[in-house]
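Enquirer: I am sharing run.cif, which consists of mmCIF, C-alpha atoms:
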data_my_file
#
loop_
_atom_site.label_atom_id
_atom_site.label_comp_id
_atom_site.auth_asym_id
_atom_site.auth_seq_id
_atom_site.Cartn_x
_atom_site.Cartn_y
_atom_site.Cartn_z
CA MET A 24 26.26 32.38 92.80
CA THR A 25 29.08 34.39 91.59
CA PRO A 26 28.67 36.65 88.65
CA VAL A 27 31.09 34.71 86.64
CA ALA A 28 29.31 31.51 87.24
CA LYS A 29 26.07 33.19 86.38
CA LYS A 30 27.43 34.41 83.10
CA THR A 31 28.80 31.03 82.33
CA ARG A 32 25.56 29.40 83.02
CA MET A 33 23.60 31.84 80.94
CA GLU A 34 25.87 31.95 77.85
CA LYS A 35 25.87 28.48 76.39
CA PRO A 36 28.08 28.02 73.39
CA LYS A 37 26.20 28.03 69.99
CA ALA A 38 26.26 24.94 67.88
CA ARG A 39 28.22 25.23 64.66
CA VAL A 40 26.00 25.05 61.57
CA VAL A 41 27.66 23.65 58.54
CA GLU A 42 25.91 24.54 55.23
CA LYS A 43 26.10 21.88 52.58
CA LYS A 44 25.85 23.13 48.96
CA VAL A 45 23.67 21.03 46.61
CA SER A 46 24.74 21.40 42.97
CA SER A 47 21.89 21.42 40.24
CA PRO A 48 22.34 19.30 37.12
CA THR A 49 23.78 21.15 34.05
CA PRO A 50 21.46 21.13 30.92
CA SER A 51 22.85 19.11 28.11
CA LEU A 52 23.89 20.62 24.75
CA ASN A 53 21.39 18.44 22.87
CA MET A 54 18.49 20.07 24.70
CA TYR A 55 19.55 23.54 23.64
CA ARG A 56 19.98 22.29 20.13
CA ARG A 57 16.47 20.83 20.05
CA ILE A 58 14.96 24.05 21.36
CA ALA A 59 16.79 26.12 18.73
CA VAL A 60 15.79 23.81 15.90
CA GLY A 61 12.16 23.84 17.03
CA PHE A 62 12.14 27.62 17.14
CA VAL A 63 13.62 27.89 13.68
CA VAL A 64 11.06 25.41 12.31
CA ALA A 65 8.18 27.28 13.93
CA VAL A 66 9.38 30.60 12.53
CA ALA A 67 9.85 29.04 9.09
CA LEU A 68 6.33 27.63 9.20
CA MET A 69 4.92 30.98 10.22
CA LEU A 70 6.85 32.78 7.49
CA GLY A 71 5.74 30.18 4.96
CA ALA A 72 2.12 30.59 5.98
CA VAL A 73 2.36 34.37 5.79
CA LEU A 74 4.11 34.18 2.43
CA TYR A 75 1.52 31.73 1.09
CA VAL A 76 -1.40 33.82 2.25
CA SER A 77 0.12 37.01 0.85
CA THR A 78 0.96 35.57 -2.59
CA VAL A 79 -1.91 33.18 -3.35
CA SER A 80 -4.36 34.71 -5.83
CA ALA A 81 -6.78 33.95 -8.64
CA THR A 82 -7.59 36.08 -11.68
CA ILE A 83 -10.86 35.34 -13.48
CA HIS A 84 -10.81 36.33 -17.16
CA VAL A 85 -14.32 36.84 -18.49
CA THR A 86 -15.42 37.03 -22.13
CA PRO A 87 -18.62 39.02 -21.71
CA VAL A 88 -21.91 38.59 -23.55
CA ARG A 89 -22.45 41.42 -26.02
CA GLN A 90 -25.94 42.76 -26.51
CA ALA A 91 -27.17 45.04 -29.28
CA MET A 92 -28.73 48.31 -28.21
CA LYS A 93 -30.47 50.96 -30.27
CA THR A 94 -32.22 54.24 -29.80
CA GLU A 95 -34.67 56.00 -32.09
CA PHE A 96 -36.13 59.39 -31.26
CA LEU A 97 -37.28 62.69 -32.72
CA LEU A 98 -35.10 65.78 -32.63
CA ASP A 99 -36.18 69.22 -33.78
CA ALA A 100 -33.93 71.31 -36.03
CA VAL A 101 -34.72 75.01 -35.47
CA LYS A 102 -33.07 78.35 -36.10
CA THR A 103 -32.49 79.05 -32.40
CA PRO A 104 -32.59 75.99 -30.10
CA THR A 105 -33.80 76.54 -26.53
CA LYS A 106 -34.53 72.95 -25.39
CA GLU A 107 -32.61 69.72 -25.02
CA THR A 108 -34.78 68.27 -27.78
CA GLU A 109 -33.69 70.98 -30.23
CA ILE A 110 -30.58 71.59 -32.30
CA ARG A 111 -29.67 74.37 -34.69
CA GLY A 112 -30.91 73.80 -38.21
CA GLN A 113 -32.17 75.23 -41.49
CA VAL A 114 -34.68 74.05 -44.12
CA ALA A 115 -34.48 74.52 -47.91
CA VAL A 116 -36.58 73.23 -50.84
CA THR A 117 -36.15 72.97 -54.62
CA THR A 118 -37.68 71.31 -57.70
CA VAL A 119 -35.70 69.73 -60.54
CA GLU A 120 -36.77 68.20 -63.88
CA LYS A 121 -34.87 66.23 -66.50
CA SER A 122 -35.36 64.16 -69.67
CA GLN A 123 -32.95 61.40 -70.62
CA ALA A 124 -32.74 58.71 -73.30
CA PHE A 125 -32.26 55.04 -72.36
CA ALA A 126 -31.64 51.88 -74.39
CA PRO A 127 -33.57 48.64 -73.79
CA SER A 128 -31.68 46.16 -71.66
CA GLY A 129 -32.84 43.10 -73.55
CA ASP A 130 -35.27 41.98 -70.85
CA GLY A 131 -38.04 42.82 -73.31
CA VAL A 132 -36.71 40.69 -76.16
CA LYS A 133 -39.51 38.85 -77.90
CA ASN A 134 -39.67 36.26 -80.69
CA VAL A 135 -41.26 37.16 -84.03
CA ASP A 136 -42.21 34.32 -86.42
CA GLU A 137 -40.91 34.76 -89.92
CA LYS A 138 -40.46 32.50 -92.95
CA ALA A 139 -37.28 30.48 -92.81
CA ALA A 140 -35.09 30.54 -95.91
CA GLY A 141 -32.24 28.59 -97.43
CA THR A 142 -30.62 27.30 -100.60
CA VAL A 143 -31.26 24.00 -102.38
CA THR A 144 -29.68 22.17 -105.30
CA ILE A 145 -32.25 20.85 -107.79
CA HIS A 146 -31.22 17.65 -109.62
CA ASN A 147 -32.62 16.60 -113.00
CA THR A 148 -31.72 13.01 -113.98
CA SER A 149 -34.25 12.89 -116.79
CA SER A 150 -33.45 13.30 -120.51
CA ARG A 151 -35.09 16.72 -120.99
CA ASN A 152 -34.96 20.15 -119.41
CA GLN A 153 -37.40 20.86 -116.62
CA PRO A 154 -38.70 24.41 -116.11
CA LEU A 155 -39.96 25.29 -112.58
CA VAL A 156 -41.89 28.49 -111.94
CA ALA A 157 -41.57 30.75 -108.89
CA THR A 158 -43.43 29.43 -105.80
CA THR A 159 -42.94 25.84 -107.00
CA ARG A 160 -43.40 23.65 -103.93
CA LEU A 161 -40.64 21.59 -102.29
CA LEU A 162 -41.61 19.17 -99.54
CA SER A 163 -39.31 17.86 -96.78
CA PRO A 164 -39.61 14.30 -95.38
CA GLU A 165 -41.24 15.82 -92.25
CA GLY A 166 -43.95 17.43 -94.39
CA ILE A 167 -42.60 21.00 -94.16
CA LEU A 168 -43.44 22.90 -97.34
CA PHE A 169 -41.09 25.36 -99.06
CA ARG A 170 -41.41 27.39 -102.27
CA LEU A 171 -38.97 28.63 -104.89
CA ASP A 172 -38.22 32.33 -104.72
CA ASP A 173 -37.72 32.59 -108.48
CA GLY A 174 -38.43 30.43 -111.52
CA VAL A 175 -35.59 28.24 -112.84
CA THR A 176 -34.96 25.69 -115.60
CA VAL A 177 -33.09 22.57 -114.61
CA PRO A 178 -31.12 21.17 -117.57
CA ALA A 179 -31.43 17.51 -118.49
CA GLY A 180 -28.85 15.48 -116.60
CA GLY A 181 -27.77 18.62 -114.71
CA THR A 182 -28.37 20.67 -111.55
CA VAL A 183 -29.25 24.19 -110.63
CA THR A 184 -29.04 26.14 -107.35
CA ALA A 185 -32.12 28.03 -106.17
CA ALA A 186 -33.30 30.03 -103.16
CA VAL A 187 -36.35 28.81 -101.28
CA HIS A 188 -38.46 29.99 -98.36
CA ALA A 189 -40.85 28.26 -95.98
CA ASP A 190 -44.51 28.36 -96.87
CA VAL A 191 -45.46 29.03 -93.22
CA ALA A 192 -43.67 31.37 -90.78
CA GLY A 193 -42.24 29.89 -87.60
CA ALA A 194 -39.49 27.75 -86.14
CA SER A 195 -40.70 24.69 -88.08
CA GLY A 196 -39.01 26.10 -91.19
CA ASN A 197 -35.54 25.86 -89.59
CA VAL A 198 -34.88 22.38 -90.99
CA ALA A 199 -31.56 20.54 -91.03
CA PRO A 200 -29.90 19.49 -94.34
CA THR A 201 -32.28 17.07 -96.06
CA LYS A 202 -33.82 15.90 -99.35
CA PHE A 203 -36.94 17.46 -100.90
CA THR A 204 -39.53 16.16 -103.32
CA ILE A 205 -41.37 18.36 -105.80
CA PRO A 206 -45.09 17.53 -105.30
CA GLY A 207 -46.11 19.46 -108.45
CA LEU A 208 -44.44 16.91 -110.74
CA SER A 209 -45.87 13.56 -111.66
CA GLU A 210 -44.89 10.65 -109.48
CA SER A 211 -42.62 9.26 -112.21
CA LEU A 212 -40.79 12.60 -112.56
CA GLN A 213 -40.52 13.11 -108.76
CA ALA A 214 -38.08 10.15 -108.71
CA LEU A 215 -35.98 11.80 -111.42
CA ILE A 216 -36.23 15.44 -110.43
CA TYR A 217 -35.66 16.38 -106.78
CA ALA A 218 -33.77 18.82 -104.52
CA ASP A 219 -31.49 18.66 -101.50
CA SER A 220 -29.87 21.13 -99.11
CA ALA A 221 -26.30 21.18 -97.84
CA GLU A 222 -26.91 23.60 -94.93
CA ALA A 223 -29.68 24.09 -92.37
CA PHE A 224 -32.38 26.67 -93.07
CA ALA A 225 -32.69 29.61 -90.67
CA GLY A 226 -34.80 32.65 -89.98
CA GLY A 227 -38.00 30.98 -88.85
CA VAL A 228 -37.90 33.00 -85.61
CA ARG A 229 -36.41 36.47 -85.24
CA GLN A 230 -35.68 38.08 -81.89
CA VAL A 231 -36.48 41.76 -81.61
CA ALA A 232 -35.78 44.14 -78.74
CA ALA A 233 -38.87 45.61 -77.14
CA ILE A 234 -39.19 48.02 -74.23
CA SER A 235 -40.28 46.09 -71.15
CA GLN A 236 -41.91 47.52 -68.05
CA GLN A 237 -38.76 46.50 -66.19
CA ASP A 238 -36.76 48.68 -68.59
CA ILE A 239 -38.97 51.65 -67.81
CA ASP A 240 -38.92 51.05 -64.03
CA ARG A 241 -35.15 50.52 -63.95
CA SER A 242 -34.51 53.62 -66.03
CA ALA A 243 -36.88 55.66 -63.85
CA LEU A 244 -34.92 54.59 -60.78
CA SER A 245 -31.68 55.63 -62.46
CA LEU A 246 -33.10 58.99 -63.54
CA ARG A 247 -34.44 59.63 -60.06
CA GLY A 248 -30.99 59.05 -58.62
CA ILE A 249 -29.54 61.59 -61.03
CA LEU A 250 -32.22 64.15 -60.14
CA GLU A 251 -31.72 63.61 -56.41
CA GLU A 252 -28.01 64.31 -56.69
CA GLU A 253 -28.71 67.46 -58.70
CA ALA A 254 -31.28 68.55 -56.11
CA LYS A 255 -28.83 67.98 -53.24
CA ALA A 256 -26.22 70.13 -54.97
CA ALA A 257 -28.78 72.89 -55.51
CA LEU A 258 -29.90 72.81 -51.87
CA ARG A 259 -26.32 72.87 -50.57
CA SER A 260 -25.59 75.94 -52.66
CA GLN A 261 -28.61 77.65 -51.10
CA VAL A 262 -27.56 77.00 -47.49
CA GLY A 263 -23.76 77.06 -47.62
CA ASP A 264 -21.44 75.03 -45.40
CA ALA A 265 -22.20 76.48 -41.95
CA LEU A 266 -24.24 73.43 -40.97
CA PRO A 267 -22.40 70.22 -41.93
CA GLY A 268 -25.22 67.80 -41.05
CA GLU A 269 -27.75 67.15 -43.79
CA SER A 270 -30.79 65.01 -44.48
CA PHE A 271 -33.08 65.01 -47.51
CA SER A 272 -36.54 63.90 -48.54
CA PHE A 273 -37.79 63.60 -52.13
CA GLU A 274 -41.12 63.34 -53.89
CA VAL A 275 -41.70 62.47 -57.55
CA LEU A 276 -44.02 65.08 -59.01
CA ASP A 277 -44.30 63.69 -62.54
CA GLN A 278 -42.91 60.85 -64.67
CA SER A 279 -43.55 59.95 -68.30
CA SER A 280 -42.10 57.81 -71.10
CA ASP A 281 -42.33 58.50 -74.83
CA VAL A 282 -43.09 54.82 -75.52
CA LYS A 283 -45.15 52.15 -73.83
CA ALA A 284 -43.96 48.78 -72.60
CA GLY A 285 -43.83 46.24 -75.43
CA THR A 286 -42.87 48.77 -78.11
CA GLU A 287 -40.06 47.70 -80.47
CA THR A 288 -37.48 50.48 -80.44
CA SER A 289 -33.77 51.03 -80.03
CA SER A 290 -34.19 53.74 -77.35
CA PHE A 291 -36.80 55.59 -75.34
CA THR A 292 -36.90 58.84 -73.38
CA LEU A 293 -38.02 59.31 -69.79
CA THR A 294 -39.02 62.65 -68.30
CA MET A 295 -39.23 63.15 -64.53
CA SER A 296 -39.58 66.00 -62.06
CA ILE A 297 -39.05 65.77 -58.29
CA SER A 298 -39.43 68.01 -55.28
CA ALA A 299 -36.57 67.96 -52.74
CA THR A 300 -36.48 69.15 -49.14
CA GLY A 301 -33.14 69.50 -47.37
CA VAL A 302 -32.66 69.86 -43.62
CA PHE A 303 -29.22 71.11 -42.62
CA TYR A 304 -28.25 70.85 -38.95
CA ASP A 305 -25.51 70.88 -36.30
CA ARG A 306 -24.04 67.43 -36.82
CA GLN A 307 -22.04 67.38 -33.58
CA ALA A 308 -25.08 68.32 -31.51
CA LEU A 309 -27.11 65.55 -33.11
CA GLN A 310 -24.40 62.97 -32.40
CA THR A 311 -24.14 64.09 -28.77
CA ALA A 312 -27.91 63.81 -28.34
CA ALA A 313 -27.94 60.33 -29.88
CA VAL A 314 -25.14 59.05 -27.63
CA ARG A 315 -26.88 60.54 -24.58
CA LYS A 316 -30.12 58.78 -25.50
CA LEU A 317 -28.31 55.49 -25.90
CA TYR A 318 -26.61 55.91 -22.51
CA ASP A 319 -30.00 56.52 -20.91
CA GLN A 320 -30.95 52.96 -21.88
CA LEU A 321 -27.81 51.42 -20.36
CA SER A 322 -28.70 49.36 -17.28
CA GLU A 323 -26.64 49.37 -14.08
CA GLY A 324 -23.63 47.09 -14.12
CA ASN A 325 -23.21 47.38 -17.89
CA ASP A 326 -21.02 49.43 -20.17
CA PHE A 327 -20.62 49.97 -23.88
CA SER A 328 -18.39 47.66 -25.84
CA LYS A 329 -18.95 49.74 -28.96
CA ILE A 330 -20.63 53.08 -29.47
CA ASP A 331 -19.89 55.47 -32.31
CA GLY A 332 -21.76 58.75 -32.32
CA THR A 333 -20.62 59.49 -35.87
CA ALA A 334 -22.75 56.55 -37.01
CA ALA A 335 -25.96 58.32 -35.96
CA GLN A 336 -28.43 58.51 -38.83
CA ALA A 337 -31.12 61.12 -39.36
CA THR A 338 -34.08 61.24 -41.73
CA VAL A 339 -36.59 64.00 -42.28
CA ASP A 340 -39.82 63.16 -40.46
CA LYS A 341 -41.54 66.42 -41.39
CA ALA A 342 -40.49 69.92 -42.35
CA ASP A 343 -42.06 73.36 -42.12
CA VAL A 344 -40.45 75.53 -44.78
CA GLU A 345 -42.16 78.73 -43.69
CA ALA A 346 -41.14 78.29 -40.06
CA GLY A 347 -37.67 77.13 -41.09
CA SER A 348 -37.85 74.10 -38.78
CA ALA A 349 -37.98 70.35 -39.18
CA SER A 350 -38.39 67.19 -37.15
CA LEU A 351 -35.61 64.66 -37.60
CA ARG A 352 -35.92 60.97 -36.79
CA VAL A 353 -32.56 59.97 -35.30
CA TYR A 354 -31.26 56.42 -35.04
CA LEU A 355 -28.11 55.04 -33.37
CA ASP A 356 -27.09 51.57 -32.26
CA GLY A 357 -24.25 50.10 -30.21
CA LEU A 358 -23.07 47.06 -28.25
CA SER A 359 -23.20 46.75 -24.45
CA VAL A 360 -21.38 44.31 -22.16
CA PRO A 361 -21.47 43.61 -18.42
CA SER A 362 -18.89 45.81 -16.72
CA SER A 363 -16.49 44.87 -13.91
CA THR A 364 -18.94 46.43 -11.43
CA ASN A 365 -21.69 44.02 -12.42
CA PRO A 366 -23.00 42.11 -9.35
CA SER A 367 -22.36 38.85 -11.19
CA PHE A 368 -18.63 39.58 -11.00
CA ASP A 369 -18.49 40.11 -7.20
CA PRO A 370 -15.31 38.22 -6.12
CA GLY A 371 -17.05 36.87 -3.02
CA ARG A 372 -19.26 34.69 -5.20
CA PHE A 373 -16.32 32.59 -6.37
CA VAL A 374 -14.61 31.76 -3.04
CA GLY A 375 -13.60 28.10 -2.92
CA MET A 376 -14.77 27.33 -6.47
CA SER A 377 -12.89 25.48 -9.17
CA ALA A 378 -12.32 26.98 -12.60
CA SER A 379 -15.11 24.90 -14.15
CA GLU A 380 -17.53 25.93 -11.43
CA VAL A 381 -16.72 29.60 -12.01
CA GLN A 382 -17.32 29.19 -15.73
CA ALA A 383 -20.60 27.34 -15.23
CA LEU A 384 -21.87 30.03 -12.82
CA LEU A 385 -21.10 32.93 -15.16
CA LEU A 386 -22.58 31.17 -18.17
CA LYS A 387 -25.71 30.42 -16.17
CA ASP A 388 -26.00 34.10 -15.21
CA GLY A 389 -25.95 34.96 -18.90
CA VAL A 390 -23.16 37.51 -18.50
CA ALA A 391 -20.34 35.58 -20.18
CA THR A 392 -19.69 33.42 -23.20
CA ASP A 393 -16.53 32.03 -21.63
CA ALA A 394 -14.46 32.31 -18.45
CA THR A 395 -11.00 31.09 -17.47
CA VAL A 396 -9.12 31.23 -14.16
CA GLU A 397 -5.41 32.01 -13.70
CA PHE A 398 -4.09 30.67 -10.37
CA VAL A 399 -0.99 31.82 -8.43
CA PRO A 400 0.78 29.62 -7.57
CA PHE A 401 -0.05 27.57 -10.62
CA TRP A 402 -0.77 24.34 -8.74
CA LEU A 403 -3.85 25.76 -7.05
CA ASN A 404 -7.20 24.44 -8.26
CA ARG A 405 -9.56 26.38 -6.00
CA ILE A 406 -10.32 30.07 -5.68
CA PRO A 407 -8.70 31.53 -2.47
CA ARG A 408 -10.97 32.30 0.46
CA LEU A 409 -9.68 35.85 0.74
CA LYS A 410 -11.81 38.17 -1.40
CA ASP A 411 -9.02 40.70 -1.83
CA HIS A 412 -6.93 38.00 -3.50
CA ILE A 413 -9.55 37.46 -6.21
CA SER A 414 -9.73 39.72 -9.26
CA VAL A 415 -12.16 39.67 -12.16
CA VAL A 416 -11.01 40.98 -15.54
CA VAL A 417 -13.68 41.64 -18.17
CA GLU A 418 -12.06 41.18 -21.57
CA ASN A 419 -13.40 43.92 -23.84
#
Please, can you express the file's structure as structure tokens?
Expert:
Amino acid sequence: MTPVAKKTRMEKPKARVVEKKVSSPTPSLNMYRRIAVGFVVAVALMLGAVLYVSTVSATIHVTPVRQAMKTEFLLDAVKTPTKETEIRGQVAVTTVEKSQAFAPSGDGVKNVDEKAAGTVTIHNTSSRNQPLVATTRLLSPEGILFRLDDGVTVPAGGTVTAAVHADVAGASGNVAPTKFTIPGLSESLQALIYADSAEAFAGGVRQVAAISQQDIDRSALSLRGILEEEAKAALRSQVGDALPGESFSFEVLDQSSDVKAGTETSSFTLTMSISATGVFYDRQALQTAAVRKLYDQLSEGNDFSKIDGTAAQATVDKADVEAGSASLRVYLDGLSVPSSTNPSFDPGRFVGMSASEVQALLLKDGVATDATVEFVPFWLNRIPRLKDHISVVVEN
């Protein structure tokens, strides 16, 4: 075989491969539009959810229960304080005496029976004059007897005016205008000679002012007040104004009246002497100690609604003049309320509750007299479930 033939036999012509291109379908415009709209909606929903979660909140406004608190303790006033229970102080004493006149108040007024008196007109309708001696009796229809003050002669067919007085002292003699018979005359003359009065008689009872025990007691109280003020002034002059705080104690040493209760008089005199002890102290230090004592009684989760150290009061419990020291009884009160840190106001307690449920819970705990809830947005009716979106405001 020739080389050429061999080559021809070995090199067969390659078949021609024709590639056919398959075209893919083109997405429609509506599909892209739907995808874009869906994305926008999803983003809007996500933003709305984030915005809702970030803005939703609830504020609980609480009107807290107020409770009275008080402290009472002893505090020593000494020249040189070295303890927490001591403050700087000074002791002074004095005695004062005074006499003063007082008038009765009228509480001791009493009734004294006397003989009523008045004026009568005596009529004589007979034909002859009728003499009547002093003390001649005149009798009222009620049987009350009166007597002429002086003798008179009543002319025939005429009248005469005469003064009369009751035979017996007392209110019975205060008779109204009336007609009188003259029992000393014969029965036939009594019809012709008689008397009458134009005005009521008076004076059967007279009121007189007497000193009552109430007068003496009331006047003694007044005099004591005067003496106490004089004693305070004397003690202040002894100590000066270096110690502005002051407390006093007094004792009546003697008291007397120049008249006894029941005595009729226009005035009476009381005499009294008192002993006074004054304790002068560092007022600011006492107030600070009182406030500190009151704070010691404050329980956890509570705070003061009202506390005023200047209202602290001090009275002398006992005093040692020689040592120059005294024991003061100190008193201070205030008002406490649950504070915002009170466990009852933990925001987590109110998650998911309605306003009425929040109010009922706080009232049941005894920490509030009222509670309201402010929602954001306003259409909410339940407390959010995120604790950091719940705030509790204690109105104080």
Enquirer: With the PyMOL selection byres ((chain A and resi 123-130) around 7) as the selection, what would be picked from this file? Answer as a PDB file with C-alpha atoms, in the coordinates of the input, please.
Expert:
ATOM      1  CA  LYS A 121     -34.870  66.230 -66.500  1.00  0.00           C
ATOM      2  CA  SER A 122     -35.360  64.160 -69.670  1.00  0.00           C
ATOM      3  CA  GLY A 131     -38.040  42.820 -73.310  1.00  0.00           C
ATOM      4  CA  VAL A 132     -36.710  40.690 -76.160  1.00  0.00           C
ATOM      5  CA  ALA A 232     -35.780  44.140 -78.740  1.00  0.00           C
ATOM      6  CA  ALA A 233     -38.870  45.610 -77.140  1.00  0.00           C
ATOM      7  CA  ILE A 234     -39.190  48.020 -74.230  1.00  0.00           C
ATOM      8  CA  SER A 235     -40.280  46.090 -71.150  1.00  0.00           C
ATOM      9  CA  ASP A 238     -36.760  48.680 -68.590  1.00  0.00           C
ATOM     10  CA  SER A 242     -34.510  53.620 -66.030  1.00  0.00           C
ATOM     11  CA  SER A 289     -33.770  51.030 -80.030  1.00  0.00           C
ATOM     12  CA  SER A 290     -34.190  53.740 -77.350  1.00  0.00           C
ATOM     13  CA  PHE A 291     -36.800  55.590 -75.340  1.00  0.00           C
ATOM     14  CA  THR A 292     -36.900  58.840 -73.380  1.00  0.00           C
ATOM     15  CA  LEU A 293     -38.020  59.310 -69.790  1.00  0.00           C
ATOM     16  CA  THR A 294     -39.020  62.650 -68.300  1.00  0.00           C
TER      17      THR A 294
END
Enquirer: One decimal, in Å: what's the spacing between CA of Leu351 in chain A and CA of Thr338 in chain A?
Expert: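 About the pair CA of Leu351 in chain A and CA of Thr338 in chain A: they are 5.6 Å apart.
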Enquirer: Counting all atoms listed in the file, give me one row per residue of range 283-343 of chain A with an atom at most 12 Å from an atom of range 367-384 of chain A, showing the shortest contact pair and its distance in Å to one decimal, sorted by chain then residue number, as a Markdown table.
Expert:
| residue | atom | partner | partner_atom | distance |
| --- | --- | --- | --- | --- |
| A:Glu323 | CA | A:Ser367 | CA | 11.7 |
| A:Gly324 | CA | A:Ser367 | CA | 8.8 |
| A:Asn325 | CA | A:Ser367 | CA | 10.9 |
Enquirer: Could you list the residues chosen by the PyMOL selection byres ((chain A and resi 218) around 10) in this structure as number ranges by chain?
Expert: A: 142-147, 161-163, 182-185, 201-205, 213, 216-217, 219-220
Enquirer: Quick one: pull the distance between CA of Gly112 in chain A and CA of Lys329 in chain A, Å, one decimal.
Expert: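 Separation between CA of Gly112 in chain A and CA of Lys329 in chain A: 28.4 Å.
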Enquirer: If you count all atoms listed in the file, which residues fall within 12 Å of range 259-270 of chain A, apart from same-chain ones fewer than 6 positions away, as number ranges by chain?
Expert: A: 100-102, 110-117, 252-253, 299-310, 333, 335-342, 347, 349-353
Enquirer: Calculate how many Å separate CA of Gln230 in chain A from CA of Ala194 in chain A, rounding to one decimal.
Expert: 11.8 Å
Enquirer: Which protein, DNA or RNA residues are at most 9 Å from (-17.2, 49.0, -33.1) in the file's coordinates when you count all atoms listed in the file, listed as a ChimeraX atom specification?
Expert: /A:328-331,357-358
Enquirer: Between A:Val231, A:Ala334, A:Val390, A:Ala221, which has the minimum distance to Glu287 in chain A (counting all atoms listed in the file)?
Expert: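 Under the stated criterion, the closest residue is A:Val231.
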Enquirer: Compare A:Thr158, A:Ser359, A:Val88, A:Glu109 by their minimum atom-to-atom distance to Lys387 in chain A, counting only C-alpha atoms, and give me the closest one.
Expert: A:Val88
Enquirer: Determine the nearest neighbour of Leu385 in chain A from the options A:Ala179, A:Leu276, A:Pro400, A:Asn365, counting all atoms listed in the file.
Expert: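 Ranked by minimum distance to Leu385 in chain A, first place goes to A:Asn365.
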Enquirer: Give as a ChimeraX atom specification each residue that has an atom at most 7 Å from (-27.6, 19.4, -90.4) in the file, counting all atoms listed in the file.
Expert: /A:199-200,222-223
Enquirer: Which residue, A:Glu120, A:Val396, A:Thr82, A:Ala157, has the smallest gap to Glu251 in chain A when you use all atoms listed in the file?
Expert: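 Checking each of A:Glu120, A:Val396, A:Thr82, A:Ala157 against Glu251 in chain A, counting all atoms listed in the file, the winner is A:Glu120.
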Enquirer: Which residues would end up in the selection if the PyMOL selection byres ((chain A and resi 137) around 7) were applied here, given that I need the answer as a list in words?
Expert: Val135, Asp136, Lys138, Ala139, Ala192, Gly193, Gly226, Gly227, Val228 and Arg229 of chain A
Enquirer: Nearest to Val275 in chain A: which of A:Leu250, A:Ala256, A:Val191, A:Leu409 is it, counting all atoms listed in the file?
Expert: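 For Val275 in chain A, the nearest of the candidates is A:Leu250.
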Enquirer: Taking the block above, write range 271-306 of chain A with C-alpha atoms as a PDB file, in the first residue's frame.
Expert:
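Listing of part_15.pdb after writing:
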ATOM      1  CA  PHE A 271     -39.245  75.589 130.454  1.00  0.00           C
ATOM      2  CA  SER A 272     -40.856  73.837 133.397  1.00  0.00           C
ATOM      3  CA  PHE A 273     -42.848  75.539 136.163  1.00  0.00           C
ATOM      4  CA  GLU A 274     -44.043  74.684 139.648  1.00  0.00           C
ATOM      5  CA  VAL A 275     -46.547  76.643 141.744  1.00  0.00           C
ATOM      6  CA  LEU A 276     -45.022  77.191 145.160  1.00  0.00           C
ATOM      7  CA  ASP A 277     -47.915  79.053 146.782  1.00  0.00           C
ATOM      8  CA  GLN A 278     -51.351  80.427 145.900  1.00  0.00           C
ATOM      9  CA  SER A 279     -53.878  82.311 148.017  1.00  0.00           C
ATOM     10  CA  SER A 280     -57.013  84.445 147.656  1.00  0.00           C
ATOM     11  CA  ASP A 281     -58.153  87.209 150.004  1.00  0.00           C
ATOM     12  CA  VAL A 282     -61.758  85.962 149.809  1.00  0.00           C
ATOM     13  CA  LYS A 283     -63.418  82.566 149.733  1.00  0.00           C
ATOM     14  CA  ALA A 284     -65.764  81.238 147.087  1.00  0.00           C
ATOM     15  CA  GLY A 285     -69.325  82.444 147.662  1.00  0.00           C
ATOM     16  CA  THR A 286     -68.309  85.828 149.084  1.00  0.00           C
ATOM     17  CA  GLU A 287     -70.230  88.839 147.754  1.00  0.00           C
ATOM     18  CA  THR A 288     -67.659  91.356 146.559  1.00  0.00           C
ATOM     19  CA  SER A 289     -66.822  93.508 143.574  1.00  0.00           C
ATOM     20  CA  SER A 290     -63.204  92.284 143.362  1.00  0.00           C
ATOM     21  CA  PHE A 291     -60.735  89.914 144.959  1.00  0.00           C
ATOM     22  CA  THR A 292     -56.946  89.587 145.040  1.00  0.00           C
ATOM     23  CA  LEU A 293     -54.906  86.508 144.200  1.00  0.00           C
ATOM     24  CA  THR A 294     -51.300  86.004 145.268  1.00  0.00           C
ATOM     25  CA  MET A 295     -49.104  83.359 143.633  1.00  0.00           C
ATOM     26  CA  SER A 296     -45.446  82.377 143.511  1.00  0.00           C
ATOM     27  CA  ILE A 297     -43.871  79.931 141.058  1.00  0.00           C
ATOM     28  CA  SER A 298     -40.499  78.327 140.489  1.00  0.00           C
ATOM     29  CA  ALA A 299     -39.242  78.235 136.881  1.00  0.00           C
ATOM     30  CA  THR A 300     -36.502  76.130 135.303  1.00  0.00           C
ATOM     31  CA  GLY A 301     -35.219  77.023 131.838  1.00  0.00           C
ATOM     32  CA  VAL A 302     -33.130  74.754 129.619  1.00  0.00           C
ATOM     33  CA  PHE A 303     -31.419  76.575 126.757  1.00  0.00           C
ATOM     34  CA  TYR A 304     -29.891  74.444 123.989  1.00  0.00           C
ATOM     35  CA  ASP A 305     -28.516  74.226 120.452  1.00  0.00           C
ATOM     36  CA  ARG A 306     -31.742  74.283 118.472  1.00  0.00           C
TER      37      ARG A 306
END
